[in-house]
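Structure file data.tsv; described as TSV, C-alpha atoms.
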chain	number	residue	atom	x	y	z
S	1243	MET	CA	-140.94	-171.59	-88.93
S	1244	ASN	CA	-142.16	-171.03	-92.49
S	1245	LYS	CA	-140.45	-173.44	-94.91
S	1246	GLY	CA	-142.58	-172.53	-97.94
S	1247	LYS	CA	-141.95	-169.60	-100.22
S	1248	ILE	CA	-142.17	-166.18	-98.60
S	1249	ARG	CA	-145.25	-164.29	-99.79
S	1250	LEU	CA	-144.12	-161.00	-101.34
S	1251	GLY	CA	-146.03	-157.82	-102.10
S	1252	LEU	CA	-144.94	-154.76	-104.09
S	1253	ILE	CA	-145.84	-151.12	-103.60
S	1254	GLY	CA	-144.99	-149.55	-106.94
S	1255	GLY	CA	-142.75	-151.35	-109.41
S	1256	GLY	CA	-145.53	-151.94	-111.91
S	1257	PRO	CA	-145.72	-151.28	-115.66
S	1258	ASN	CA	-142.62	-149.63	-117.18
S	1259	SER	CA	-140.68	-149.74	-113.89
S	1260	PHE	CA	-137.04	-150.73	-114.36
S	1261	ILE	CA	-136.46	-151.10	-110.62
S	1262	GLY	CA	-139.59	-153.25	-110.38
S	1263	ILE	CA	-138.10	-155.73	-112.86
S	1264	VAL	CA	-134.86	-155.82	-110.85
S	1265	HIS	CA	-136.71	-156.61	-107.62
S	1266	ARG	CA	-138.95	-159.26	-109.18
S	1267	ILE	CA	-136.04	-161.09	-110.78
S	1268	ALA	CA	-134.00	-160.82	-107.56
S	1269	ALA	CA	-136.88	-162.30	-105.57
S	1270	TYR	CA	-137.36	-165.17	-108.03
S	1271	MET	CA	-133.63	-165.85	-108.35
S	1272	GLY	CA	-133.18	-167.80	-105.13
S	1273	GLU	CA	-136.63	-169.41	-105.29
S	1274	GLN	CA	-137.34	-168.08	-101.81
S	1275	TYR	CA	-140.25	-165.76	-102.64
S	1276	GLU	CA	-143.61	-165.82	-104.38
S	1277	LEU	CA	-145.08	-162.54	-105.64
S	1278	VAL	CA	-148.68	-162.49	-104.47
S	1279	GLY	CA	-150.02	-158.96	-104.88
S	1280	GLY	CA	-149.59	-155.31	-104.08
S	1281	VAL	CA	-150.32	-151.77	-105.19
S	1282	PHE	CA	-148.65	-151.89	-108.59
S	1283	ASP	CA	-149.67	-148.53	-110.01
S	1284	ILE	CA	-151.31	-145.26	-109.01
S	1285	ASP	CA	-153.93	-146.10	-111.65
S	1286	HIS	CA	-155.83	-149.09	-110.25
S	1287	SER	CA	-156.93	-150.38	-113.67
S	1288	SER	CA	-153.31	-150.34	-114.81
S	1289	GLY	CA	-152.36	-152.25	-111.65
S	1290	ILE	CA	-154.98	-154.90	-112.35
S	1291	ALA	CA	-153.78	-155.27	-115.94
S	1292	PHE	CA	-150.24	-155.69	-114.63
S	1293	ALA	CA	-151.40	-158.41	-112.21
S	1294	GLU	CA	-153.13	-160.20	-115.09
S	1295	LYS	CA	-149.93	-160.02	-117.14
S	1296	LEU	CA	-148.03	-161.70	-114.30
S	1297	GLU	CA	-150.87	-164.23	-113.85
S	1298	LEU	CA	-151.57	-163.09	-110.29
S	1299	ASP	CA	-154.87	-163.09	-108.42
S	1300	THR	CA	-156.28	-159.68	-109.45
S	1301	SER	CA	-158.24	-159.43	-106.19
S	1302	ARG	CA	-154.88	-158.78	-104.54
S	1303	ALA	CA	-153.99	-155.93	-106.87
S	1304	TYR	CA	-155.08	-153.16	-104.50
S	1305	GLU	CA	-155.96	-149.53	-105.21
S	1306	SER	CA	-154.05	-148.01	-102.28
S	1307	LEU	CA	-151.68	-148.85	-99.45
S	1308	GLU	CA	-154.44	-148.40	-96.90
S	1309	VAL	CA	-156.66	-150.92	-98.69
S	1310	PHE	CA	-153.70	-153.28	-99.06
S	1311	ILE	CA	-153.04	-153.26	-95.30
S	1312	GLU	CA	-156.71	-153.61	-94.34
S	1313	ARG	CA	-157.44	-156.53	-96.65
S	1314	GLU	CA	-154.18	-158.39	-96.11
S	1315	LEU	CA	-154.56	-158.21	-92.32
S	1316	ALA	CA	-158.07	-159.65	-92.70
S	1317	LEU	CA	-156.60	-162.81	-94.25
S	1318	PRO	CA	-155.40	-165.81	-92.22
S	1319	ALA	CA	-151.72	-165.53	-91.24
S	1320	ASP	CA	-150.75	-168.42	-93.53
S	1321	LYS	CA	-152.21	-166.61	-96.56
S	1322	ARG	CA	-151.17	-163.06	-95.76
S	1323	ILE	CA	-148.31	-161.27	-97.56
S	1324	GLU	CA	-145.25	-161.47	-95.29
S	1325	VAL	CA	-142.86	-158.90	-96.74
S	1326	VAL	CA	-143.51	-155.79	-98.80
S	1327	SER	CA	-141.08	-154.08	-101.20
S	1328	ILE	CA	-141.48	-150.30	-101.42
S	1329	LEU	CA	-140.51	-149.18	-104.93
S	1330	THR	CA	-142.13	-145.73	-105.07
S	1331	PRO	CA	-140.56	-142.25	-105.46
S	1332	ASN	CA	-138.41	-141.07	-102.56
S	1333	PHE	CA	-140.90	-138.81	-100.80
S	1334	LEU	CA	-143.31	-141.70	-100.19
S	1335	HIS	CA	-140.85	-144.11	-98.57
S	1336	HIS	CA	-141.14	-142.89	-94.97
S	1337	SER	CA	-144.93	-142.73	-94.67
S	1338	MET	CA	-145.41	-146.06	-96.42
S	1339	ALA	CA	-142.72	-147.83	-94.41
S	1340	MET	CA	-144.12	-146.50	-91.13
S	1341	LYS	CA	-147.63	-147.76	-91.96
S	1342	LEU	CA	-146.40	-151.18	-93.07
S	1343	VAL	CA	-144.08	-151.68	-90.11
S	1344	ASP	CA	-146.75	-150.52	-87.68
S	1345	ALA	CA	-149.09	-153.13	-89.19
S	1346	GLY	CA	-146.45	-155.82	-88.62
S	1347	PHE	CA	-145.19	-156.36	-92.16
S	1348	ASN	CA	-141.53	-157.01	-92.93
S	1349	VAL	CA	-140.23	-154.42	-95.39
S	1350	ILE	CA	-137.71	-154.23	-98.23
S	1351	CYS	CA	-137.28	-150.57	-99.20
S	1352	GLU	CA	-135.55	-148.79	-102.05
S	1353	LYS	CA	-133.19	-146.06	-100.92
S	1354	PRO	CA	-133.28	-143.42	-99.65
S	1355	ILE	CA	-134.95	-144.82	-96.58
S	1356	THR	CA	-136.62	-141.44	-95.87
S	1357	ILE	CA	-136.26	-137.75	-96.74
S	1358	THR	CA	-134.73	-136.65	-93.42
S	1359	ALA	CA	-132.54	-138.18	-90.73
S	1360	ALA	CA	-135.23	-137.51	-88.12
S	1361	GLU	CA	-137.70	-139.59	-90.13
S	1362	ALA	CA	-135.13	-142.37	-90.44
S	1363	VAL	CA	-134.54	-142.42	-86.69
S	1364	ALA	CA	-138.30	-142.58	-86.03
S	1365	LEU	CA	-138.61	-145.49	-88.46
S	1366	GLU	CA	-135.68	-147.30	-86.84
S	1367	GLU	CA	-137.37	-146.98	-83.44
S	1368	LEU	CA	-140.62	-148.41	-84.81
S	1369	VAL	CA	-138.81	-151.30	-86.56
S	1370	ASN	CA	-137.10	-152.20	-83.28
S	1371	LYS	CA	-140.38	-151.92	-81.38
S	1372	LYS	CA	-142.32	-154.09	-83.83
S	1373	LYS	CA	-139.43	-156.55	-84.24
S	1374	VAL	CA	-139.88	-156.85	-88.00
S	1375	VAL	CA	-137.19	-157.37	-90.63
S	1376	PHE	CA	-136.28	-154.22	-92.54
S	1377	CYS	CA	-133.99	-154.29	-95.57
S	1378	LEU	CA	-132.71	-151.22	-97.42
S	1379	THR	CA	-131.53	-152.04	-100.93
S	1380	HIS	CA	-128.00	-150.70	-101.05
S	1381	THR	CA	-127.60	-153.07	-103.96
S	1382	TYR	CA	-123.85	-152.84	-104.43
S	1383	THR	CA	-123.26	-154.62	-101.12
S	1384	GLY	CA	-124.65	-157.75	-102.79
S	1385	TYR	CA	-121.85	-158.16	-105.33
S	1386	PRO	CA	-119.71	-161.23	-104.54
S	1387	MET	CA	-116.44	-159.31	-104.96
S	1388	VAL	CA	-117.60	-156.52	-102.65
S	1389	ARG	CA	-118.29	-159.21	-100.07
S	1390	GLN	CA	-114.87	-160.72	-100.78
S	1391	MET	CA	-113.34	-157.27	-100.23
S	1392	LYS	CA	-115.15	-156.97	-96.91
S	1393	ALA	CA	-113.96	-160.42	-95.82
S	1394	MET	CA	-110.33	-159.78	-96.84
S	1395	ILE	CA	-110.19	-156.46	-94.98
S	1396	ALA	CA	-111.67	-158.08	-91.86
S	1397	ALA	CA	-109.09	-160.88	-92.12
S	1398	GLY	CA	-106.24	-158.35	-92.18
S	1399	ALA	CA	-105.18	-158.83	-95.82
S	1400	ILE	CA	-104.28	-155.16	-96.21
S	1401	GLY	CA	-103.21	-154.49	-92.61
S	1402	LYS	CA	-104.19	-151.33	-90.78
S	1403	ILE	CA	-106.38	-149.11	-92.95
S	1404	GLN	CA	-104.79	-145.74	-93.69
S	1405	LYS	CA	-106.69	-144.40	-96.74
S	1406	VAL	CA	-110.23	-144.79	-98.14
S	1407	ASP	CA	-111.53	-143.44	-101.43
S	1408	ALA	CA	-114.88	-143.89	-103.20
S	1409	GLN	CA	-116.47	-142.29	-106.21
S	1410	TYR	CA	-119.74	-142.47	-108.08
S	1411	TYR	CA	-119.86	-140.73	-111.46
S	1412	GLN	CA	-122.86	-140.52	-113.78
S	1413	GLY	CA	-123.61	-138.14	-116.63
S	1414	TRP	CA	-127.34	-138.60	-117.12
S	1415	ILE	CA	-128.41	-135.15	-115.86
S	1416	ASN	CA	-126.03	-133.33	-118.21
S	1417	PRO	CA	-128.47	-133.28	-121.20
S	1418	PHE	CA	-131.15	-131.64	-119.01
S	1419	ILE	CA	-129.28	-129.37	-116.61
S	1420	HIS	CA	-128.32	-126.57	-119.01
S	1421	GLU	CA	-131.85	-125.52	-119.95
S	1422	LYS	CA	-134.24	-124.28	-117.26
S	1423	ASP	CA	-137.37	-125.79	-118.83
S	1424	LYS	CA	-135.73	-129.20	-119.23
S	1425	ARG	CA	-134.30	-129.43	-115.73
S	1426	ALA	CA	-137.66	-128.42	-114.28
S	1427	GLN	CA	-139.06	-131.68	-115.65
S	1428	VAL	CA	-136.49	-133.90	-113.86
S	1429	TRP	CA	-138.15	-135.19	-110.68
S	1430	ARG	CA	-134.82	-135.83	-108.97
S	1431	LEU	CA	-134.17	-132.08	-109.11
S	1432	ASP	CA	-137.50	-131.35	-107.38
S	1433	PRO	CA	-137.06	-131.13	-103.57
S	1434	LYS	CA	-140.73	-132.07	-103.05
S	1435	LYS	CA	-140.14	-135.46	-104.72
S	1436	SER	CA	-136.42	-136.11	-104.33
S	1437	GLY	CA	-135.77	-134.66	-100.88
S	1438	GLN	CA	-132.94	-132.46	-99.62
S	1439	SER	CA	-130.30	-133.67	-102.06
S	1440	CYS	CA	-130.09	-135.00	-105.60
S	1441	CYS	CA	-126.52	-136.15	-106.24
S	1442	PHE	CA	-125.41	-137.08	-102.73
S	1443	GLY	CA	-128.87	-138.27	-101.77
S	1444	ASP	CA	-129.12	-140.51	-104.82
S	1445	ILE	CA	-125.59	-141.78	-105.49
S	1446	GLY	CA	-123.06	-140.22	-103.09
S	1447	VAL	CA	-124.70	-142.12	-100.25
S	1448	HIS	CA	-123.94	-145.40	-102.07
S	1449	ALA	CA	-120.22	-144.54	-102.03
S	1450	PHE	CA	-120.48	-143.68	-98.33
S	1451	ASN	CA	-122.27	-146.96	-97.64
S	1452	LEU	CA	-119.64	-148.99	-99.51
S	1453	ILE	CA	-116.84	-147.44	-97.45
S	1454	GLU	CA	-118.52	-148.31	-94.15
S	1455	TYR	CA	-119.64	-151.74	-95.42
S	1456	THR	CA	-116.28	-152.93	-96.72
S	1457	THR	CA	-114.07	-151.48	-93.99
S	1458	GLY	CA	-116.24	-151.81	-90.89
S	1459	LEU	CA	-115.19	-148.26	-90.04
S	1460	GLU	CA	-117.65	-145.54	-89.11
S	1461	VAL	CA	-117.33	-142.10	-90.70
S	1462	GLU	CA	-117.38	-139.44	-88.00
S	1463	LYS	CA	-116.93	-136.13	-89.83
S	1464	VAL	CA	-117.32	-134.69	-93.32
S	1465	LEU	CA	-116.18	-131.55	-95.10
S	1466	ALA	CA	-118.15	-131.07	-98.29
S	1467	ASP	CA	-118.20	-128.82	-101.33
S	1468	ILE	CA	-121.24	-129.40	-103.54
S	1469	ASP	CA	-122.42	-127.76	-106.76
S	1470	THR	CA	-125.89	-127.07	-108.17
S	1471	LEU	CA	-124.26	-125.68	-111.36
S	1472	TYR	CA	-126.98	-123.02	-111.70
S	1473	ASP	CA	-128.24	-120.62	-109.02
S	1474	ASP	CA	-131.89	-121.41	-109.73
S	1475	ASN	CA	-131.32	-125.17	-109.47
S	1476	PRO	CA	-132.23	-126.09	-105.86
S	1477	LEU	CA	-130.40	-129.42	-105.56
S	1478	ASP	CA	-126.81	-130.62	-105.92
S	1479	VAL	CA	-125.65	-132.41	-109.06
S	1480	ASP	CA	-121.96	-132.73	-108.19
S	1481	GLY	CA	-119.69	-132.62	-105.16
S	1482	THR	CA	-116.77	-133.81	-103.10
S	1483	ALA	CA	-116.63	-134.72	-99.42
S	1484	LEU	CA	-113.53	-135.23	-97.34
S	1485	ILE	CA	-114.18	-137.77	-94.60
S	1486	ARG	CA	-112.63	-138.78	-91.28
S	1487	THR	CA	-113.51	-141.97	-89.43
S	1488	LYS	CA	-113.67	-142.49	-85.69
S	1489	ASP	CA	-110.39	-144.40	-85.98
S	1490	GLY	CA	-108.65	-141.40	-87.54
S	1491	VAL	CA	-108.60	-142.74	-91.11
S	1492	LYS	CA	-109.00	-140.04	-93.76
S	1493	GLY	CA	-110.49	-140.30	-97.21
S	1494	VAL	CA	-112.63	-138.74	-99.91
S	1495	ILE	CA	-116.00	-139.33	-101.57
S	1496	CYS	CA	-116.61	-137.84	-105.03
S	1497	ALA	CA	-120.03	-137.93	-106.68
S	1498	SER	CA	-121.40	-136.41	-109.87
S	1499	GLN	CA	-124.40	-136.66	-112.16
S	1500	ILE	CA	-122.91	-134.22	-114.67
S	1501	ALA	CA	-119.76	-136.25	-115.42
S	1502	THR	CA	-120.41	-136.15	-119.16
S	1503	GLY	CA	-120.33	-139.55	-120.81
S	1504	GLU	CA	-120.14	-141.55	-117.59
S	1505	GLU	CA	-122.75	-144.27	-117.12
S	1506	ASN	CA	-122.60	-145.89	-113.66
S	1507	ASN	CA	-119.00	-145.51	-112.59
S	1508	ILE	CA	-118.91	-146.41	-108.91
S	1509	SER	CA	-115.69	-147.61	-107.32
S	1510	VAL	CA	-114.25	-148.09	-103.86
S	1511	MET	CA	-110.58	-148.26	-102.91
S	1512	VAL	CA	-109.16	-149.09	-99.48
S	1513	TYR	CA	-105.46	-148.94	-98.67
S	1514	GLY	CA	-103.73	-150.34	-95.60
S	1515	ASP	CA	-100.13	-150.48	-94.41
S	1516	LYS	CA	-99.72	-153.95	-96.00
S	1517	GLY	CA	-101.78	-153.67	-99.18
S	1518	GLY	CA	-104.80	-152.27	-100.98
S	1519	LEU	CA	-108.07	-153.42	-102.56
S	1520	LYS	CA	-109.98	-151.86	-105.46
S	1521	TRP	CA	-113.40	-152.66	-106.93
S	1522	GLU	CA	-115.35	-151.05	-109.79
S	1523	GLN	CA	-119.04	-151.66	-110.44
S	1524	GLU	CA	-118.67	-151.50	-114.22
S	1525	ASN	CA	-116.16	-154.37	-113.96
S	1526	PRO	CA	-117.80	-156.15	-111.02
S	1527	THR	CA	-116.17	-159.56	-111.36
S	1528	TYR	CA	-112.67	-158.17	-110.72
S	1529	LEU	CA	-111.30	-157.37	-107.27
S	1530	THR	CA	-107.74	-156.02	-107.45
S	1531	TYR	CA	-105.41	-156.84	-104.56
S	1532	LEU	CA	-102.25	-154.72	-104.29
S	1533	GLN	CA	-99.19	-155.46	-102.17
S	1534	GLU	CA	-95.91	-153.57	-101.88
S	1535	GLY	CA	-93.28	-154.99	-104.25
S	1536	LYS	CA	-95.55	-157.69	-105.66
S	1537	PRO	CA	-97.60	-157.99	-108.87
S	1538	ALA	CA	-101.25	-157.05	-108.61
S	1539	GLN	CA	-103.59	-160.01	-108.01
S	1540	ILE	CA	-107.08	-160.32	-109.46
S	1541	PHE	CA	-109.78	-162.13	-107.49
S	1542	LYS	CA	-112.85	-163.35	-109.42
S	1543	PRO	CA	-116.13	-164.88	-108.21
S	1544	GLY	CA	-116.90	-168.58	-108.23
S	1545	ASN	CA	-113.42	-169.70	-107.21
S	1546	PRO	CA	-112.53	-171.69	-104.06
S	1547	TYR	CA	-109.88	-169.16	-103.00
S	1548	ASN	CA	-112.62	-166.69	-102.07
S	1549	SER	CA	-114.17	-166.34	-98.62
S	1550	GLU	CA	-117.20	-168.40	-97.62
S	1551	PHE	CA	-119.29	-165.22	-97.75
S	1552	ALA	CA	-118.25	-164.50	-101.35
S	1553	GLN	CA	-118.79	-168.12	-102.37
S	1554	GLU	CA	-122.28	-168.17	-100.82
S	1555	SER	CA	-123.04	-165.05	-102.85
S	1556	THR	CA	-121.99	-166.60	-106.19
S	1557	LYS	CA	-124.62	-168.39	-108.25
S	1558	ILE	CA	-122.81	-169.62	-111.35
S	1559	ALA	CA	-119.46	-171.10	-112.41
S	1560	PRO	CA	-116.27	-169.03	-112.71
S	1561	GLY	CA	-115.98	-166.97	-115.87
S	1562	HIS	CA	-119.70	-166.16	-116.06
S	1563	PRO	CA	-120.21	-162.47	-115.17
S	1564	GLU	CA	-122.61	-161.64	-112.37
S	1565	GLY	CA	-124.18	-158.21	-112.16
S	1566	LEU	CA	-126.88	-155.96	-110.69
S	1567	PHE	CA	-129.69	-158.53	-110.73
S	1568	ASP	CA	-127.46	-161.06	-108.97
S	1569	ALA	CA	-126.38	-158.49	-106.36
S	1570	MET	CA	-130.01	-157.62	-105.59
S	1571	GLY	CA	-130.75	-161.34	-105.47
S	1572	ASN	CA	-128.14	-161.78	-102.74
S	1573	ILE	CA	-129.80	-159.04	-100.69
S	1574	TYR	CA	-133.20	-160.73	-101.09
S	1575	LYS	CA	-131.56	-164.02	-100.07
S	1576	GLY	CA	-130.17	-162.50	-96.87
S	1577	THR	CA	-133.52	-160.91	-96.08
S	1578	ALA	CA	-135.27	-164.27	-96.57
S	1579	LEU	CA	-132.99	-165.88	-93.98
S	1580	ALA	CA	-133.85	-163.13	-91.50
S	1581	ILE	CA	-137.60	-163.45	-92.14
S	1582	ARG	CA	-137.38	-167.21	-91.58
S	1583	GLY	CA	-135.47	-166.65	-88.33
S	1584	GLU	CA	-132.41	-168.49	-89.62
S	1585	LYS	CA	-128.76	-167.61	-89.04
S	1586	VAL	CA	-127.82	-164.50	-91.02
S	1587	ARG	CA	-124.22	-163.61	-91.83
S	1588	GLU	CA	-123.21	-160.06	-90.91
S	1589	GLY	CA	-123.53	-157.95	-94.05
S	1590	ALA	CA	-125.99	-160.30	-95.76
S	1591	TYR	CA	-128.42	-157.42	-96.28
S	1592	PRO	CA	-128.41	-153.70	-95.42
S	1593	GLY	CA	-130.77	-152.79	-92.61
S	1594	VAL	CA	-132.56	-149.82	-91.12
S	1595	LYS	CA	-129.36	-148.72	-89.34
S	1596	ASP	CA	-127.67	-148.33	-92.73
S	1597	GLY	CA	-130.54	-146.09	-93.80
S	1598	VAL	CA	-130.16	-143.92	-90.70
S	1599	ARG	CA	-126.39	-143.65	-91.26
S	1600	GLY	CA	-126.98	-142.66	-94.88
S	1601	MET	CA	-129.46	-139.91	-94.07
S	1602	LYS	CA	-127.20	-138.49	-91.36
S	1603	PHE	CA	-124.32	-138.48	-93.86
S	1604	ILE	CA	-126.40	-136.61	-96.47
S	1605	GLU	CA	-127.49	-133.99	-93.95
S	1606	ALA	CA	-123.92	-133.55	-92.70
S	1607	VAL	CA	-122.75	-132.99	-96.30
S	1608	LEU	CA	-125.42	-130.34	-96.87
S	1609	GLU	CA	-124.65	-128.61	-93.55
S	1610	SER	CA	-120.92	-128.61	-94.26
S	1611	ASN	CA	-121.43	-126.98	-97.64
S	1612	LYS	CA	-123.86	-124.42	-96.20
S	1613	LYS	CA	-121.33	-123.44	-93.55
S	1614	GLY	CA	-118.73	-122.72	-96.21
S	1615	GLN	CA	-116.96	-126.08	-96.32
S	1616	ALA	CA	-116.58	-126.64	-92.57
S	1617	TRP	CA	-116.11	-129.95	-90.79
S	1618	VAL	CA	-119.44	-131.32	-89.57
S	1619	GLU	CA	-119.88	-134.30	-87.28
S	1620	ILE	CA	-122.26	-137.11	-88.24
S	1621	LYS	CA	-124.33	-137.41	-85.08
As structure tokens - that is how I would like this structure written.
Amino acid sequence: MNKGKIRLGLIGGGPNSFIGIVHRIAAYMGEQYELVGGVFDIDHSSGIAFAEKLELDTSRAYESLEVFIERELALPADKRIEVVSILTPNFLHHSMAMKLVDAGFNVICEKPITITAAEAVALEELVNKKKVVFCLTHTYTGYPMVRQMKAMIAAGAIGKIQKVDAQYYQGWINPFIHEKDKRAQVWRLDPKKSGQSCCFGDIGVHAFNLIEYTTGLEVEKVLADIDTLYDDNPLDVDGTALIRTKDGVKGVICASQIATGEENNISVMVYGDKGGLKWEQENPTYLTYLQEGKPAQIFKPGNPYNSEFAQESTKIAPGHPEGLFDAMGNIYKGTALAIRGEKVREGAYPGVKDGVRGMKFIEAVLESNKKGQAWVEIK
């Protein structure tokens, strides 16, 4: 069993990449990983310059994924990169993940896992065959208070679940959407790069994931109404989906990228017959606990009244806000445990199954809307 730092490689995430910074900091945070090399940029010279900036061995700043795999596999096992983070645009995720998994590398992948559900299923089969660790970065599952919410629901704090509600509102597409020339320059509105869906594929799936993650329920059917705003815009920028779980619980998921003025307003609310729980990403250190006839209670990270899972996911003392970097760090921490073959708590990191569920949800939403807002089963 490897007790040293896990050797990490990046595909993408180089110069000027915000998500690359998030992943690097998350990996360093728990002192479990060491960034060794990767394919940092489509321009090889830029990738080498980036490696120099990070004081890495430039011989391991590769020009392509194929070269990366060939040269890394030629190294002794104790020198070879062990896990690779895929931080490229959506349309590249599937092909890159398949090649890396087939070569025996563990993978950490930005969402969406693939462009279609069929691709996701094929990847899941290969991951299971190769017996590698695969993590999909549904980052919000790493927040301590989301994990506290999950633990409290599992412990029966709100009783039998009877209502679920999640939303994700952004407004960043609004400045571009109203002019044809401007929206044509937004890659997330290009099906060739973004995939089948923009809004639900990018953010609605996070709300879906949070519902299944916190409740342990599985959504069975959706009825969706989505909006492209303009007839010549091929992808959704707003929508609502009614949901039904296999246990008969009903709820709603609302998502928008044209909610003018909104920044990153994601929230999840779960109500049972004994109480309710609410969490908002823009106020991530507060978990609100509601009970009939009692004052609302606020749970905050770093306190001993939280579950073991929430406490394990907290890095600093109470009163010090933890955010996106910390949440991603918790996901990297869980993945490290799995790579080392150590005991991993359920929910410590999202896996390939979560990616498959997400893609099937997106396709069900699109099918429901196409059929004129009909109920569609997530198969």
Checklist line | Spatial neighbours of range 1436-1451 of chain S, 7 Å, all atoms listed in the file, chain gap at least 5 places, as a PyMOL selection string | finding: chain S and resi 1332-1333+1357+1380+1408-1410+1429-1431+1477-1480+1495+1497-1499+1600+1604
Item checked: Nearby residues (only C-alpha atoms) at most 8 Å from Arg1322 in chain S, same-chain spacing under 6 positions excluded, as a list in words ->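 Neighbouring residues, sequence-local ones excluded: Arg1249, Glu1314 and Leu1315 of chain S.
Neighbouring residues of range 1528-1544 of chain S at 8 Å or closer, counting only C-alpha atoms and skipping chain neighbours under 4 positions away, are Pro1386, Met1387, Val1388, Met1391, Ile1400, Lys1516, Gly1517, Gly1518, Leu1519, Lys1520, Trp1521, Glu1522, Asn1548, Ala1552, Gln1553, Thr1556, Lys1557, Ile1558, Ala1559, Pro1560 and Gly1561 of chain S.
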Next item on the list: Identify, on the basis of only C-alpha atoms, every residue whose closest approach to range 1404-1407 of chain S does not exceed 9 Å; exclude the query and any residue fewer than 6 positions from it along the same chain; express the result as an MDAnalysis selection string.
Entry: chainID S and resid 1449 1453 1457 1485 1490:1496 1509:1515
Would you pick out the contacts of Gly1571 in chain S at 12 Å or less, using all atoms listed in the file, so that residues sharing its chain but fewer than 4 positions from it are not included, and give the list as a short mmCIF file (atom, residue, chain, number, x, y, z; two decimals) with C-alpha atoms, keeping the file's coordinate frame?
data_model
loop_
_atom_site.label_atom_id
_atom_site.label_comp_id
_atom_site.auth_asym_id
_atom_site.auth_seq_id
_atom_site.Cartn_x
_atom_site.Cartn_y
_atom_site.Cartn_z
CA ILE S 1263 -138.10 -155.73 -112.86
CA VAL S 1264 -134.86 -155.82 -110.85
CA HIS S 1265 -136.71 -156.61 -107.62
CA ARG S 1266 -138.95 -159.26 -109.18
CA ILE S 1267 -136.04 -161.09 -110.78
CA ALA S 1268 -134.00 -160.82 -107.56
CA ALA S 1269 -136.88 -162.30 -105.57
CA TYR S 1270 -137.36 -165.17 -108.03
CA MET S 1271 -133.63 -165.85 -108.35
CA GLY S 1272 -133.18 -167.80 -105.13
CA GLU S 1273 -136.63 -169.41 -105.29
CA GLN S 1274 -137.34 -168.08 -101.81
CA TYR S 1275 -140.25 -165.76 -102.64
CA THR S 1379 -131.53 -152.04 -100.93
CA HIS S 1380 -128.00 -150.70 -101.05
CA THR S 1381 -127.60 -153.07 -103.96
CA TYR S 1382 -123.85 -152.84 -104.43
CA THR S 1383 -123.26 -154.62 -101.12
CA GLY S 1384 -124.65 -157.75 -102.79
CA TYR S 1385 -121.85 -158.16 -105.33
CA PRO S 1386 -119.71 -161.23 -104.54
CA GLU S 1554 -122.28 -168.17 -100.82
CA SER S 1555 -123.04 -165.05 -102.85
CA THR S 1556 -121.99 -166.60 -106.19
CA LYS S 1557 -124.62 -168.39 -108.25
CA GLU S 1564 -122.61 -161.64 -112.37
CA GLY S 1565 -124.18 -158.21 -112.16
CA LEU S 1566 -126.88 -155.96 -110.69
CA PHE S 1567 -129.69 -158.53 -110.73
CA LYS S 1575 -131.56 -164.02 -100.07
CA GLY S 1576 -130.17 -162.50 -96.87
CA THR S 1577 -133.52 -160.91 -96.08
CA ALA S 1578 -135.27 -164.27 -96.57
CA ALA S 1590 -125.99 -160.30 -95.76
CA TYR S 1591 -128.42 -157.42 -96.28
#
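If you look at CA of Phe1603 in chain S and CA of Arg1425 in chain S, they are 25.7 Å away from each other.
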Checklist line | Nearest residue to Glu1324 in chain S from the set S:Glu1305, S:Glu1276, S:Glu1367, S:Glu1361 (distances using only C-alpha atoms) | finding: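 The answer is S:Glu1276, which sits nearest to Glu1324 in chain S.
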Next item on the list: Return the single residue from S:Leu1465, S:Leu1378, S:Val1618, S:Lys1435 that is closest to Pro1592 in chain S, with distances computed using only C-alpha atoms.
Entry: S:Leu1378
Margin query: Just to confirm, what's the straight-line distance from CA of Gly1279 in chain S to CA of Leu1298 in chain S in Å (one decimal)?
Written below: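 These atoms are spaced 7.0 Å apart.
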Checklist line | Separation of CA of Ile1311 in chain S from CA of Gly1254 in chain S, in Å and rounded to one decimal | finding: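 About the pair CA of Ile1311 in chain S and CA of Gly1254 in chain S: they are 14.6 Å apart.
The closest residue to Cys1351 in chain S, picked from S:Asn1507, S:Asn1370, S:Thr1330, S:Gln1390 and counting all atoms listed in the file, is S:Thr1330.
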Margin query: Calculated over only C-alpha atoms, which of the candidates S:Thr1300, S:Ser1287, S:Ser1327, S:Thr1527 has the smallest distance to Gly1251 in chain S?
Written below: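 When distances to Gly1251 in chain S are compared using only C-alpha atoms, the smallest one comes from S:Ser1327.
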